[in-house]
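Shown below: protein27.txt, with compact mmCIF, C-alpha atoms (C1' of nucleotides).
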```txt
# COMPACT_ATOMS: atom_id res chain seq x y z
CA MET A 21 -22.86 21.45 34.72
CA THR A 22 -20.22 22.63 32.32
CA ALA A 23 -19.28 20.60 29.33
CA PRO A 24 -15.63 19.51 29.39
CA THR A 25 -13.42 21.91 27.50
CA LYS A 26 -12.20 20.43 24.28
CA PRO A 27 -8.42 20.44 24.05
CA PRO A 28 -6.87 22.27 21.13
CA HIS A 29 -6.50 20.17 18.01
CA SER A 30 -9.17 17.75 19.10
CA SER A 31 -10.27 15.39 16.36
CA PRO A 32 -12.15 12.15 15.82
CA ALA A 33 -8.93 10.37 16.69
CA ASP A 34 -9.34 11.41 20.29
CA ASP A 35 -12.48 9.33 20.62
CA VAL A 36 -11.31 6.23 18.79
CA SER A 37 -9.67 3.20 20.32
CA GLY A 38 -9.67 0.86 17.36
CA ALA A 39 -9.98 -2.12 19.64
CA ASP A 40 -13.02 -3.38 17.74
CA LEU A 41 -11.17 -3.22 14.45
CA HIS A 42 -7.92 -5.00 15.21
CA ALA A 43 -9.08 -8.58 15.61
CA PRO A 44 -11.37 -8.78 12.57
CA VAL A 45 -8.85 -7.10 10.27
CA ILE A 46 -5.93 -9.18 11.48
CA ASP A 47 -7.97 -12.39 11.28
CA TRP A 48 -9.00 -11.46 7.76
CA PHE A 49 -5.36 -10.84 6.91
CA ASP A 50 -4.37 -14.28 8.18
CA ASP A 51 -6.86 -15.85 5.78
CA HIS A 52 -6.61 -13.61 2.72
CA ALA A 53 -3.19 -11.95 2.55
CA ARG A 54 -1.38 -12.30 -0.73
CA ASP A 55 1.66 -14.54 -0.68
CA CYS A 56 4.37 -11.93 -1.25
CA PRO A 57 8.02 -13.00 -0.94
CA TRP A 58 8.97 -9.97 1.14
CA ARG A 59 6.57 -11.22 3.82
CA HIS A 60 8.21 -14.63 4.09
CA PRO A 61 10.14 -15.37 7.28
CA GLU A 62 13.41 -15.67 5.39
CA ALA A 63 13.06 -12.17 3.92
CA GLY A 64 15.42 -9.93 5.83
CA ALA A 65 15.44 -6.19 6.28
CA TRP A 66 17.18 -5.64 2.95
CA ALA A 67 14.51 -7.59 1.10
CA VAL A 68 11.79 -5.60 2.86
CA MET A 69 13.53 -2.35 2.02
CA VAL A 70 13.92 -3.27 -1.64
CA SER A 71 10.25 -4.21 -1.84
CA GLU A 72 9.19 -0.92 -0.25
CA PHE A 73 11.17 1.13 -2.76
CA MET A 74 9.69 -0.82 -5.64
CA LEU A 75 6.15 -0.69 -4.29
CA GLN A 76 6.11 3.10 -4.09
CA GLN A 77 3.32 4.02 -6.52
CA THR A 78 3.61 0.63 -8.18
CA PRO A 79 1.29 -2.40 -8.01
CA VAL A 80 2.46 -5.68 -6.48
CA SER A 81 1.96 -7.64 -9.69
CA ARG A 82 4.48 -5.49 -11.55
CA VAL A 83 7.00 -5.50 -8.72
CA LEU A 84 7.21 -9.27 -8.25
CA PRO A 85 9.42 -10.26 -11.20
CA VAL A 86 11.79 -7.32 -10.86
CA TYR A 87 12.06 -7.88 -7.14
CA GLU A 88 13.11 -11.50 -7.58
CA GLN A 89 15.77 -10.66 -10.14
CA TRP A 90 16.99 -7.75 -8.09
CA LEU A 91 17.59 -9.74 -4.91
CA ALA A 92 19.21 -12.55 -6.87
CA ARG A 93 21.58 -10.03 -8.41
CA VAL A 94 22.32 -8.00 -5.28
CA PRO A 95 21.36 -10.06 -2.20
CA ARG A 96 23.02 -7.63 0.21
CA PRO A 97 23.26 -3.83 0.39
CA ALA A 98 27.01 -4.02 -0.22
CA ASP A 99 26.37 -5.85 -3.51
CA LEU A 100 24.29 -2.98 -4.81
CA ALA A 101 26.70 -0.41 -3.42
CA ALA A 102 29.48 -2.02 -5.44
CA ASP A 103 27.56 -1.49 -8.68
CA ALA A 104 27.54 1.62 -10.81
CA PRO A 105 24.32 3.59 -10.32
CA GLY A 106 23.53 3.08 -13.99
CA GLU A 107 23.44 -0.66 -13.42
CA ALA A 108 20.73 -0.11 -10.83
CA VAL A 109 18.78 1.97 -13.34
CA ARG A 110 19.16 -0.80 -15.92
CA ALA A 111 18.06 -3.51 -13.50
CA TRP A 112 15.08 -1.39 -12.54
CA GLY A 113 13.68 -2.14 -15.97
CA ARG A 114 10.26 -0.72 -16.73
CA LEU A 115 9.06 -0.37 -13.15
CA GLY A 116 8.76 3.39 -13.57
CA TYR A 117 10.07 6.33 -11.56
CA PRO A 118 13.69 5.26 -12.20
CA ARG A 119 14.99 7.81 -9.72
CA ARG A 120 13.91 5.24 -7.15
CA ALA A 121 16.69 3.01 -8.46
CA LEU A 122 19.24 5.76 -7.95
CA ARG A 123 17.95 6.44 -4.47
CA LEU A 124 18.00 2.76 -3.53
CA HIS A 125 21.56 2.60 -4.79
CA GLY A 126 22.42 5.67 -2.72
CA ALA A 127 20.79 4.13 0.32
CA ALA A 128 22.83 0.95 -0.18
CA VAL A 129 26.02 3.02 -0.39
CA ALA A 130 25.18 4.85 2.82
CA ILE A 131 24.30 1.61 4.60
CA THR A 132 27.56 0.06 3.47
CA GLU A 133 29.75 3.03 4.32
CA ARG A 134 28.09 4.22 7.51
CA HIS A 135 26.49 1.11 8.96
CA GLY A 136 28.74 -1.77 8.03
CA GLY A 137 26.30 -3.11 5.44
CA ASP A 138 23.45 -3.73 7.87
CA VAL A 139 20.09 -2.14 7.15
CA VAL A 140 19.43 0.39 9.89
CA GLY A 141 16.56 -0.25 12.26
CA THR A 142 15.29 3.05 13.61
CA THR A 143 12.99 5.40 11.74
CA ALA A 144 15.41 8.27 12.34
CA GLN A 145 18.24 6.35 10.70
CA LEU A 146 15.99 5.19 7.89
CA LEU A 147 14.73 8.73 7.24
CA ALA A 148 18.32 9.85 6.75
CA LEU A 149 18.65 7.57 3.72
CA PRO A 150 17.81 8.78 0.20
CA GLY A 151 14.41 7.69 -1.06
CA ILE A 152 13.02 6.97 2.39
CA GLY A 153 10.29 9.25 3.66
CA GLU A 154 7.71 9.06 6.41
CA TYR A 155 5.88 6.06 5.00
CA THR A 156 8.85 3.91 3.98
CA ALA A 157 10.70 4.49 7.25
CA ALA A 158 7.70 3.33 9.24
CA ALA A 159 7.08 0.42 6.89
CA VAL A 160 10.63 -0.95 7.08
CA ALA A 161 10.78 -0.50 10.85
CA SER A 162 7.42 -2.22 11.24
CA PHE A 163 7.64 -5.01 8.67
CA ALA A 164 11.32 -5.85 8.98
CA TYR A 165 11.87 -5.20 12.67
CA GLY A 166 8.40 -5.66 14.12
CA GLN A 167 8.32 -2.21 15.66
CA ARG A 168 5.21 -0.27 16.61
CA HIS A 169 4.64 2.55 14.13
CA ALA A 170 1.72 4.18 12.39
CA VAL A 171 2.24 3.11 8.77
CA LEU A 172 0.23 5.53 6.69
CA ASP A 173 0.14 4.66 3.03
CA THR A 174 -2.60 5.41 0.54
CA ASN A 175 -4.41 2.16 1.40
CA VAL A 176 -4.46 2.69 5.13
CA ARG A 177 -5.47 6.32 4.70
CA ARG A 178 -8.45 5.24 2.60
CA VAL A 179 -9.48 2.51 5.04
CA PHE A 180 -9.38 4.96 7.94
CA ALA A 181 -11.17 7.66 5.95
CA ARG A 182 -14.04 5.28 5.33
CA ALA A 183 -14.21 3.07 8.39
CA VAL A 184 -13.59 5.78 10.98
CA THR A 185 -14.08 9.21 9.47
CA GLY A 186 -16.95 8.21 7.23
CA VAL A 187 -15.82 9.78 3.98
CA GLN A 188 -15.06 8.14 0.66
CA TYR A 189 -11.50 9.39 0.21
CA PRO A 190 -8.75 10.81 2.40
CA PRO A 191 -7.36 14.31 1.73
CA ASN A 192 -4.88 14.77 -1.11
CA ALA A 193 -1.96 15.17 1.27
CA THR A 194 -1.53 13.42 4.61
CA THR A 195 -2.77 15.63 7.44
CA ALA A 196 -1.90 15.91 11.11
CA ALA A 197 -5.40 14.64 11.90
CA GLU A 198 -4.70 11.47 9.93
CA ARG A 199 -1.46 10.92 11.82
CA ARG A 200 -3.22 11.38 15.14
CA LEU A 201 -5.93 8.97 14.10
CA ALA A 202 -3.42 6.36 12.96
CA ARG A 203 -1.53 6.60 16.25
CA ALA A 204 -4.76 6.38 18.24
CA LEU A 205 -5.75 3.23 16.36
CA LEU A 206 -2.40 1.53 16.87
CA PRO A 207 -2.54 -1.57 19.10
CA GLU A 208 -0.49 -1.27 22.26
CA ASP A 209 1.36 -4.53 21.78
CA GLU A 210 4.33 -4.15 19.45
CA GLY A 211 3.86 -7.36 17.52
CA THR A 212 0.14 -6.79 17.17
CA ALA A 213 0.80 -3.27 15.94
CA ALA A 214 3.09 -4.52 13.20
CA ARG A 215 0.51 -7.09 12.18
CA TRP A 216 -2.21 -4.44 12.18
CA ALA A 217 -0.15 -2.20 9.93
CA ALA A 218 0.26 -4.90 7.31
CA ALA A 219 -3.33 -6.07 7.66
CA SER A 220 -4.98 -2.66 7.33
CA MET A 221 -2.81 -1.94 4.31
CA GLU A 222 -3.76 -5.21 2.65
CA LEU A 223 -7.43 -4.57 3.34
CA GLY A 224 -7.19 -1.31 1.45
CA ALA A 225 -5.35 -2.96 -1.41
CA LEU A 226 -7.72 -5.90 -1.86
CA VAL A 227 -11.16 -4.95 -0.51
CA CYS A 228 -11.45 -1.29 0.41
CA THR A 229 -10.14 -0.19 -2.96
CA ALA A 230 -10.37 3.28 -4.44
CA LYS A 231 -12.97 2.19 -6.97
CA ASN A 232 -15.35 -0.77 -6.89
CA GLU A 233 -14.80 -1.53 -3.24
CA THR A 234 -16.26 -4.88 -2.19
CA CYS A 235 -17.84 -4.27 1.19
CA VAL A 236 -19.37 -7.76 1.10
CA ARG A 237 -15.90 -9.15 1.67
CA CYS A 238 -14.93 -6.60 4.31
CA PRO A 239 -14.43 -7.86 7.88
CA ILE A 240 -15.40 -4.49 9.38
CA ALA A 241 -18.25 -3.57 7.05
CA GLY A 242 -20.64 -3.66 9.98
CA GLN A 243 -18.66 -0.92 11.74
CA CYS A 244 -17.71 1.17 8.72
CA ALA A 245 -18.79 4.77 9.24
CA TRP A 246 -18.86 5.48 5.51
CA ARG A 247 -20.99 2.46 4.69
CA LEU A 248 -23.33 3.10 7.62
CA ALA A 249 -23.78 6.64 6.31
CA GLY A 250 -24.93 5.29 2.95
CA LYS A 251 -21.55 5.63 1.23
CA PRO A 252 -21.84 9.32 0.32
CA GLU A 253 -19.74 10.28 -2.67
CA HIS A 254 -16.68 12.46 -2.31
CA ASP A 255 -17.43 16.16 -2.28
CA GLY A 256 -15.03 19.04 -2.41
CA PRO A 257 -12.21 19.77 -4.81
CA PRO A 258 -11.73 17.10 -7.48
CA ARG A 259 -8.84 14.76 -6.99
CA ARG A 260 -6.74 15.86 -9.89
CA GLY A 261 -5.56 13.14 -12.16
CA GLN A 262 -2.28 12.76 -13.95
CA THR A 263 -1.68 13.51 -17.56
CA TYR A 264 1.08 11.61 -19.21
CA ALA A 265 0.59 11.14 -22.93
CA GLY A 266 2.68 13.59 -24.90
CA THR A 267 4.55 15.01 -21.93
CA ASP A 268 8.30 15.33 -21.50
CA ARG A 269 7.85 12.72 -18.84
CA GLN A 270 6.86 10.20 -21.46
CA VAL A 271 9.84 11.22 -23.58
CA ARG A 272 12.15 10.72 -20.62
CA GLY A 273 10.84 7.19 -20.34
CA LYS A 274 11.54 6.48 -23.99
CA LEU A 275 15.06 7.88 -23.76
CA LEU A 276 15.86 5.77 -20.73
CA ALA A 277 14.41 2.70 -22.42
CA VAL A 278 16.95 3.13 -25.23
CA LEU A 279 19.82 3.70 -22.82
CA ARG A 280 18.90 0.68 -20.71
CA GLU A 281 19.13 -1.55 -23.76
CA ALA A 282 22.36 0.00 -25.02
CA HIS A 283 25.65 -1.24 -23.66
CA ALA A 284 27.72 1.43 -25.37
CA PRO A 285 27.33 5.22 -25.42
CA VAL A 286 24.47 6.41 -27.64
CA PRO A 287 24.79 9.48 -29.90
CA GLN A 288 22.27 12.24 -29.29
CA GLU A 289 21.06 11.94 -32.90
CA ALA A 290 19.97 8.40 -32.15
CA LEU A 291 18.22 9.44 -28.96
CA ASP A 292 16.34 12.17 -30.83
CA GLN A 293 14.68 9.41 -32.85
CA VAL A 294 12.56 8.25 -29.92
CA TRP A 295 10.03 11.02 -30.52
CA GLN A 296 8.54 12.53 -33.64
CA GLU A 297 8.30 16.06 -32.31
CA PRO A 298 11.79 17.67 -32.45
CA VAL A 299 11.91 19.89 -29.37
CA GLN A 300 11.09 17.44 -26.61
CA PRO A 301 13.89 14.84 -26.85
CA PRO A 302 16.79 17.29 -26.33
CA ARG A 303 14.86 19.02 -23.60
CA ALA A 304 14.04 15.76 -21.85
CA LEU A 305 17.65 14.62 -22.19
CA ASP A 306 18.85 17.85 -20.61
CA GLY A 307 16.57 17.14 -17.69
CA LEU A 308 17.83 13.60 -17.18
CA VAL A 309 21.45 14.67 -16.74
CA PRO A 310 21.03 16.81 -13.59
CA ASP A 311 18.78 14.09 -12.21
CA GLY A 312 21.78 11.76 -12.37
CA LEU A 313 19.95 9.29 -14.59
CA VAL A 314 22.06 9.97 -17.68
CA GLU A 315 25.74 10.74 -18.06
CA PRO A 316 26.85 12.95 -20.96
CA LEU A 317 30.17 12.11 -22.57
CA PRO A 318 32.49 14.24 -24.69
CA GLY A 319 31.48 14.03 -28.33
CA GLY A 320 27.74 14.22 -27.80
CA THR A 321 27.05 10.68 -26.64
CA TYR A 322 25.16 9.52 -23.57
CA ARG A 323 24.98 6.49 -21.31
CA LEU A 324 23.59 5.38 -17.96
CA PRO A 325 25.77 6.84 -15.18
CA LEU A 326 28.93 5.04 -14.06
CA THR A 327 29.35 7.32 -11.11
C1' DT B 18 1.71 23.19 -0.14
C1' DA B 19 1.60 21.98 -4.96
C1' DT B 20 4.33 19.74 -8.63
C1' DT B 21 7.12 16.61 -10.65
C1' DC B 22 8.50 12.12 -11.52
C1' DG B 23 7.06 6.24 -15.30
C1' DT B 24 4.50 2.56 -16.51
C1' DG B 25 0.85 -0.49 -17.51
C1' DG B 26 -3.55 -2.68 -16.22
C1' DA B 27 -8.58 -2.20 -15.36
C1' DC B 28 -12.81 -0.39 -16.59
C1' DT C 7 -10.86 4.86 -25.60
C1' DG C 8 -9.69 7.89 -22.26
C1' DT C 9 -9.60 8.09 -17.40
C1' DC C 10 -8.10 6.52 -13.15
C1' DC C 11 -5.13 4.38 -10.24
C1' DA C 12 -0.92 1.91 -7.90
C1' DA C 13 2.88 0.15 -0.47
C1' DG C 14 5.67 8.13 -2.06
C1' DA C 15 9.70 11.16 -2.03
C1' DA C 16 11.86 15.36 -2.99
C1' DT C 17 11.65 20.01 -3.77
```
Written as structure tokens, that's how I'd like the structure from this file.
Amino acid sequence: MTAPTKPPHSSPADDVSGADLHAPVIDWFDDHARDCPWRHPEAGAWAVMVSEFMLQQTPVSRVLPVYEQWLARVPRPADLAADAPGEAVRAWGRLGYPRRALRLHGAAVAITERHGGDVVGTTAQLLALPGIGEYTAAAVASFAYGQRHAVLDTNVRRVFARAVTGVQYPPNATTAAERRLARALLPEDEGTAARWAAASMELGALVCTAKNETCVRCPIAGQCAWRLAGKPEHDGPPRRGQTYAGTDRQVRGKLLAVLREAHAPVPQEALDQVWQEPVQPPRALDGLVPDGLVEPLPGGTYRLPLT
DNA sequence: TATTCGTGGAC
DNA sequence: TGTCCAAGAAT
């Protein structure tokens, strides 16, 4: 008797159905999901898209107030497209990563010019928009249009790493094996798949967190490979953290904070005051211009971009 | 593939 | 108190 030949690229995903995970996770979601406005029935595709841009690398609690003001100000893509990009940066406030505001503005322009103001509904169309990558395209298609996609964000990747693969953390970058696993775990039914995507993400955000996970509240703790293995700690290369204090990145933030508050061009001498050390402000300012976040004017003044 | 890009809350 | 982390994308 010969053992069956393993196909190339075989992985744990090939042996996983996920059928035992769907119902408990979705039932848990029905009882414990946070009440986020972008999940309400009246939230359309534009609202979902706005929320996904804002939620990139940003916690829900900080997104909520900006999200509400944003949709009140620009309830349709065409409303944002009609604004100057600098107005989007100003309305972005202190959410962080302000290039997301420029990209969302660019996406609204493209939607308005190329698609008649209607948010596109296929992942290929979504991927063609600025600021939309693999995750956000799948998320908008799934959450706004109920389509069946593997939605692989940091939460889902961690849940799968633990529950299925049996390790504490997923790899630093998303791997082909993770994509295969996510597709293998996807429920066949379209509506169930969309529900599963949101539910598994929420589980990672609320229970199966990066630190201080609360397995006692987990609906699949009894099937979790990592927990059943005694929750071994992550081994391998350290997951490198981010340094921020004292970097040009921090200076960029301070410069933009001044420009967001100003409603007239600001002289460079004033901008240099945001930082004690003399070299970093001009350098950071020079970096903001090619990024399209700051517009230089004749005479050495600066403002948020009008074009 | 590894870096860069903000901000603030939790511990 | 400093470290870690949060629904990634672009290059």
task: Compile the contact shell of region 125-137 of chain A as a PyMOL selection string: residues with an atom at most 8 Å away, counting only C-alpha atoms (C1' of nucleotides), same-chain residues fewer than 5 positions apart removed.
output: chain A and resi 96-98+100-102+105+108+149-151
Can I get the selection written as a PDB file, in the coordinates of the input, with C-alpha atoms?
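Result file result32.pdb:
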```pdb
ATOM      1  CA  ARG A  96      23.020  -7.630   0.210  1.00  0.00           C
ATOM      2  CA  PRO A  97      23.260  -3.830   0.390  1.00  0.00           C
ATOM      3  CA  ALA A  98      27.010  -4.020  -0.220  1.00  0.00           C
ATOM      4  CA  LEU A 100      24.290  -2.980  -4.810  1.00  0.00           C
ATOM      5  CA  ALA A 101      26.700  -0.410  -3.420  1.00  0.00           C
ATOM      6  CA  ALA A 102      29.480  -2.020  -5.440  1.00  0.00           C
ATOM      7  CA  PRO A 105      24.320   3.590 -10.320  1.00  0.00           C
ATOM      8  CA  ALA A 108      20.730  -0.110 -10.830  1.00  0.00           C
ATOM      9  CA  LEU A 149      18.650   7.570   3.720  1.00  0.00           C
ATOM     10  CA  PRO A 150      17.810   8.780   0.200  1.00  0.00           C
ATOM     11  CA  GLY A 151      14.410   7.690  -1.060  1.00  0.00           C
TER      12      GLY A 151
END
```
field: 7 Å contacts from chain C to chain A using all atoms listed in the file, as a ChimeraX atom specification
entry: /C:12-15
- prompt: Do you have the CA of Asp55 (chain A)-CA of Gly224 (chain A) distance handy?
  reply: 16.1 Å
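A straight line drawn from CA of Trp216 (chain A) to CA of Glu253 (chain A) is 27.3 Å long.
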query: Which residues of chain B are close to chain A, meaning at most 9 Å apart when you count only C-alpha atoms (C1' of nucleotides), and how do they look as a ChimeraX atom specification?
result: /B:18,22-25
